[in-house]
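Everything below concerns the one structure shown next.
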Amino acid sequence: MVSVDAFPSTDGTASVRVSTKELLLAATSSQDKSVLIHVNNASSASAVAVSLPIGEWNQAKSDTSSVSMIRVETGLARVSMDTKLFDKVPMTGASPELLLKVERVSPAALPSDVRQVTGTNIVYDFSLSLGDQKLPSFKGDIKVELPYVLAPGEKPNQVVIYYIAGDGTLEVVKNGHYNAATGMVEFRPNHFSKYAANYTQVTFRDMDGVAWANEAVLGLAARKVIQGRSESSFVPDGDLTRAEFIQMLVQLFDLKNSAAAATFTDVAPGAWYYSAIASAQQSGLVHGQLDGSFGVNDRISREDMAVMIFRVSKLLEVGKLNASGTHSTPFQDLNQTADYAKVAVTTLQEAGLMNGIMEGYFDPKGTSTRAQAAVVLYRLFQILT
């Protein structure tokens, strides 16, 4: 660990620089393939800036190659950076410095409609620059953790992260989630800007009969992935079309590709589901039906839902889904499952992502309800986060 003392300046900013010697010593002595940088005396600062000699880090591969993560405890937030990020950014100059800055944003600097949503929760402004160049994007290479204290009655699954755009637009970061073990809200941003942890109150009055789906439905609704049929009614046993399921899948796992084009005969540009289906088709998640259509209004079958979930797990590099140990006996109706779906159904059963409709039976040709789909999606979300 590298421990550095910070002394806030008159403007409230605490700036520290980690020396090359300190960083390399921590790298060579690391036991867990990570380096922790702890900034002391910074929790009362309005901003913390940490400078790292990344140019010299990259030049010392013999000392640093075994380290896969640099974690910075700023006193305001925790930021973990995958060292693969440093290989992706252009190094200019003899010894470029990487500057990480975390700043508390004054509520007065926020639009009133943003303050109405974030309330008393702190908004943080993050930036990462190399020399005088801000790094524009780093999808998946950085994890941020913000402190959050659950208020009485608040449920962990409804704590979300908001990205606050320059124009004041609020956007839920879908992968944000509360970690009860640390008391922090974790998320992986695509880029740095302003972010805040916030509780989203969601209530549906028709969920009492499906308590097994409550956490999943409310968690996905808080992330704007699913909506009720009305403001207070979710209709958990309602039908779910193939288009609706793909929309949920693409939104939850941030798979939208605005440049993607769909070739299915029943998917027309301008339709509410066009972008989601086009993105899924380009990613190889869906192949459509024999007649060239997608079947947008058809109810999604359980075996097709399993295939799509299985494919997205491979796309997102979940790796081998761990067997739960509670579903080791194959479904008795596996022989009724389409050949293209058997591996997916078996894998998801062993991982505990999909259960049968009754003991020993999967019902592959049966269709999924809204609640059932929400549970499967939320289980994969929990594995990924």
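Each chain in the structure tokens gets a letter, A, B and so on, in the order shown; residues start at 1 in every chain, and ligands are counted from 1 in the order they appear.
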
Listing only residues of segment 38-116 of chain A within 9 Å of segment 166-186 of chain A, what is the closest atom pair and its distance in Å (to one decimal) for each, using only C-alpha atoms, sorted by chain and residue number ascending, as JSON lines?
{"residue": "A:Leu110", "atom": "CA", "partner": "A:Gly168", "partner_atom": "CA", "distance": 7.6}
{"residue": "A:Pro111", "atom": "CA", "partner": "A:Gly168", "partner_atom": "CA", "distance": 6.4}
{"residue": "A:Asp113", "atom": "CA", "partner": "A:Gly168", "partner_atom": "CA", "distance": 7.9}
{"residue": "A:Val114", "atom": "CA", "partner": "A:Gly168", "partner_atom": "CA", "distance": 6.5}

Prev. selection, C-alpha atoms, output as a compact mmCIF listing (two decimals), in the first residue's frame:
# COMPACT_ATOMS: atom_id res chain seq x y z
CA LEU A 110 -26.88 22.09 -10.14
CA PRO A 111 -30.15 22.76 -11.99
CA ASP A 113 -34.70 19.66 -11.45
CA VAL A 114 -31.48 17.74 -10.71

Within 10 Å of Phe310 of chain A using only C-alpha atoms, minus same-chain residues under 2 positions, as a ChimeraX atom specification: /A:285,304-308,312-315,318,321,341,343-345,347-348,353,380

Polymer residues at most 8 Å from segment 68-73 of chain A, only C-alpha atoms, same-chain spacing of 5 or more positions, as a ChimeraX atom specification: /A:33-39,78-84

At what distance in Å, to one decimal, does atom CA of Leu220 of chain A lie from atom CA of Leu377 of chain A?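 Interatomic distance, atom CA of Leu377 of chain A to atom CA of Leu220 of chain A: 8.7 Å.
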
Name the residues of segment 62-260 of chain A that come out as strand (DSSP E or B) in a backbone DSSP run; write them as JSON, numbers by chain. {"A": [69, 70, 71, 72, 73, 78, 79, 80, 81, 82, 98, 99, 100, 101, 102, 103, 104, 123, 124, 125, 126, 127, 128, 129, 130, 133, 134, 142, 143, 144, 145, 146, 147, 159, 160, 161, 162, 163, 164, 170, 171, 172, 173, 177, 178, 179, 184, 185, 186, 187, 194, 195, 196, 197, 198, 199, 239, 241]}

Go ahead and save the residues from that selection, with C-alpha atoms, as a PDB file, in the first residue's frame.
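Produced file selection34.pdb, reproduced below:
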ATOM      1  CA  MET A  69      -5.431  -3.123 -10.671  1.00  0.00           C
ATOM      2  CA  ILE A  70      -4.584   0.232  -9.092  1.00  0.00           C
ATOM      3  CA  ARG A  71      -7.067   1.225  -6.395  1.00  0.00           C
ATOM      4  CA  VAL A  72      -7.224   4.789  -5.120  1.00  0.00           C
ATOM      5  CA  GLU A  73      -8.974   5.605  -1.841  1.00  0.00           C
ATOM      6  CA  ARG A  78     -12.855   4.833  -4.254  1.00  0.00           C
ATOM      7  CA  VAL A  79     -11.637   4.480  -7.823  1.00  0.00           C
ATOM      8  CA  SER A  80     -10.188   1.208  -9.137  1.00  0.00           C
ATOM      9  CA  MET A  81      -8.392   1.277 -12.489  1.00  0.00           C
ATOM     10  CA  ASP A  82      -7.569  -1.810 -14.522  1.00  0.00           C
ATOM     11  CA  LEU A  98      -2.101  10.557 -14.930  1.00  0.00           C
ATOM     12  CA  LEU A  99      -4.302  12.888 -12.891  1.00  0.00           C
ATOM     13  CA  LEU A 100      -7.394  11.566 -11.132  1.00  0.00           C
ATOM     14  CA  LYS A 101      -9.661  14.196  -9.619  1.00  0.00           C
ATOM     15  CA  VAL A 102     -12.789  13.731  -7.513  1.00  0.00           C
ATOM     16  CA  GLU A 103     -14.801  16.787  -6.517  1.00  0.00           C
ATOM     17  CA  ARG A 104     -17.932  17.368  -4.469  1.00  0.00           C
ATOM     18  CA  VAL A 123     -23.037  14.751  -6.469  1.00  0.00           C
ATOM     19  CA  TYR A 124     -19.450  13.937  -7.429  1.00  0.00           C
ATOM     20  CA  ASP A 125     -17.556  15.217 -10.457  1.00  0.00           C
ATOM     21  CA  PHE A 126     -14.857  12.825 -11.685  1.00  0.00           C
ATOM     22  CA  SER A 127     -12.128  13.502 -14.222  1.00  0.00           C
ATOM     23  CA  LEU A 128      -9.139  11.544 -15.494  1.00  0.00           C
ATOM     24  CA  SER A 129      -6.487  13.167 -17.646  1.00  0.00           C
ATOM     25  CA  LEU A 130      -3.100  12.387 -19.098  1.00  0.00           C
ATOM     26  CA  GLN A 133      -5.722  15.601 -22.328  1.00  0.00           C
ATOM     27  CA  LYS A 134      -8.864  14.260 -20.664  1.00  0.00           C
ATOM     28  CA  ILE A 142     -12.723   1.595 -14.106  1.00  0.00           C
ATOM     29  CA  LYS A 143     -14.884   0.864 -11.081  1.00  0.00           C
ATOM     30  CA  VAL A 144     -16.118   3.636  -8.805  1.00  0.00           C
ATOM     31  CA  GLU A 145     -17.472   3.212  -5.279  1.00  0.00           C
ATOM     32  CA  LEU A 146     -19.463   5.943  -3.538  1.00  0.00           C
ATOM     33  CA  PRO A 147     -20.482   5.909   0.139  1.00  0.00           C
ATOM     34  CA  VAL A 159     -30.349   2.263  -4.903  1.00  0.00           C
ATOM     35  CA  VAL A 160     -29.097   3.452  -8.283  1.00  0.00           C
ATOM     36  CA  ILE A 161     -26.416   5.654  -9.813  1.00  0.00           C
ATOM     37  CA  TYR A 162     -27.331   8.681 -11.897  1.00  0.00           C
ATOM     38  CA  TYR A 163     -25.096  10.195 -14.555  1.00  0.00           C
ATOM     39  CA  ILE A 164     -25.757  13.928 -14.776  1.00  0.00           C
ATOM     40  CA  LEU A 170     -30.311  12.457 -15.676  1.00  0.00           C
ATOM     41  CA  GLU A 171     -29.495   8.955 -16.882  1.00  0.00           C
ATOM     42  CA  VAL A 172     -29.443   5.791 -14.786  1.00  0.00           C
ATOM     43  CA  VAL A 173     -26.168   3.874 -14.949  1.00  0.00           C
ATOM     44  CA  HIS A 177     -25.652  -1.453  -7.370  1.00  0.00           C
ATOM     45  CA  TYR A 178     -25.419  -1.227  -3.598  1.00  0.00           C
ATOM     46  CA  ASN A 179     -22.877  -3.480  -1.885  1.00  0.00           C
ATOM     47  CA  MET A 184     -20.864   1.579  -0.988  1.00  0.00           C
ATOM     48  CA  VAL A 185     -22.629   1.917  -4.325  1.00  0.00           C
ATOM     49  CA  GLU A 186     -20.490   0.461  -7.107  1.00  0.00           C
ATOM     50  CA  PHE A 187     -20.625   1.199 -10.816  1.00  0.00           C
ATOM     51  CA  LYS A 194     -20.946  14.018 -12.619  1.00  0.00           C
ATOM     52  CA  TYR A 195     -22.499  11.077 -10.769  1.00  0.00           C
ATOM     53  CA  ALA A 196     -24.668  10.596  -7.693  1.00  0.00           C
ATOM     54  CA  ALA A 197     -26.063   7.652  -5.750  1.00  0.00           C
ATOM     55  CA  ASN A 198     -29.793   7.916  -5.191  1.00  0.00           C
ATOM     56  CA  TYR A 199     -32.754   5.888  -3.962  1.00  0.00           C
ATOM     57  CA  ASP A 239     -47.739 -11.729 -21.474  1.00  0.00           C
ATOM     58  CA  THR A 241     -43.464 -10.402 -26.353  1.00  0.00           C
TER      59      THR A 241
END

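Residue nearest Leu240 of chain A, chosen from A:Gln372, A:Ser106, A:Thr265, A:Ser51 and counting only C-alpha atoms: A:Gln372.
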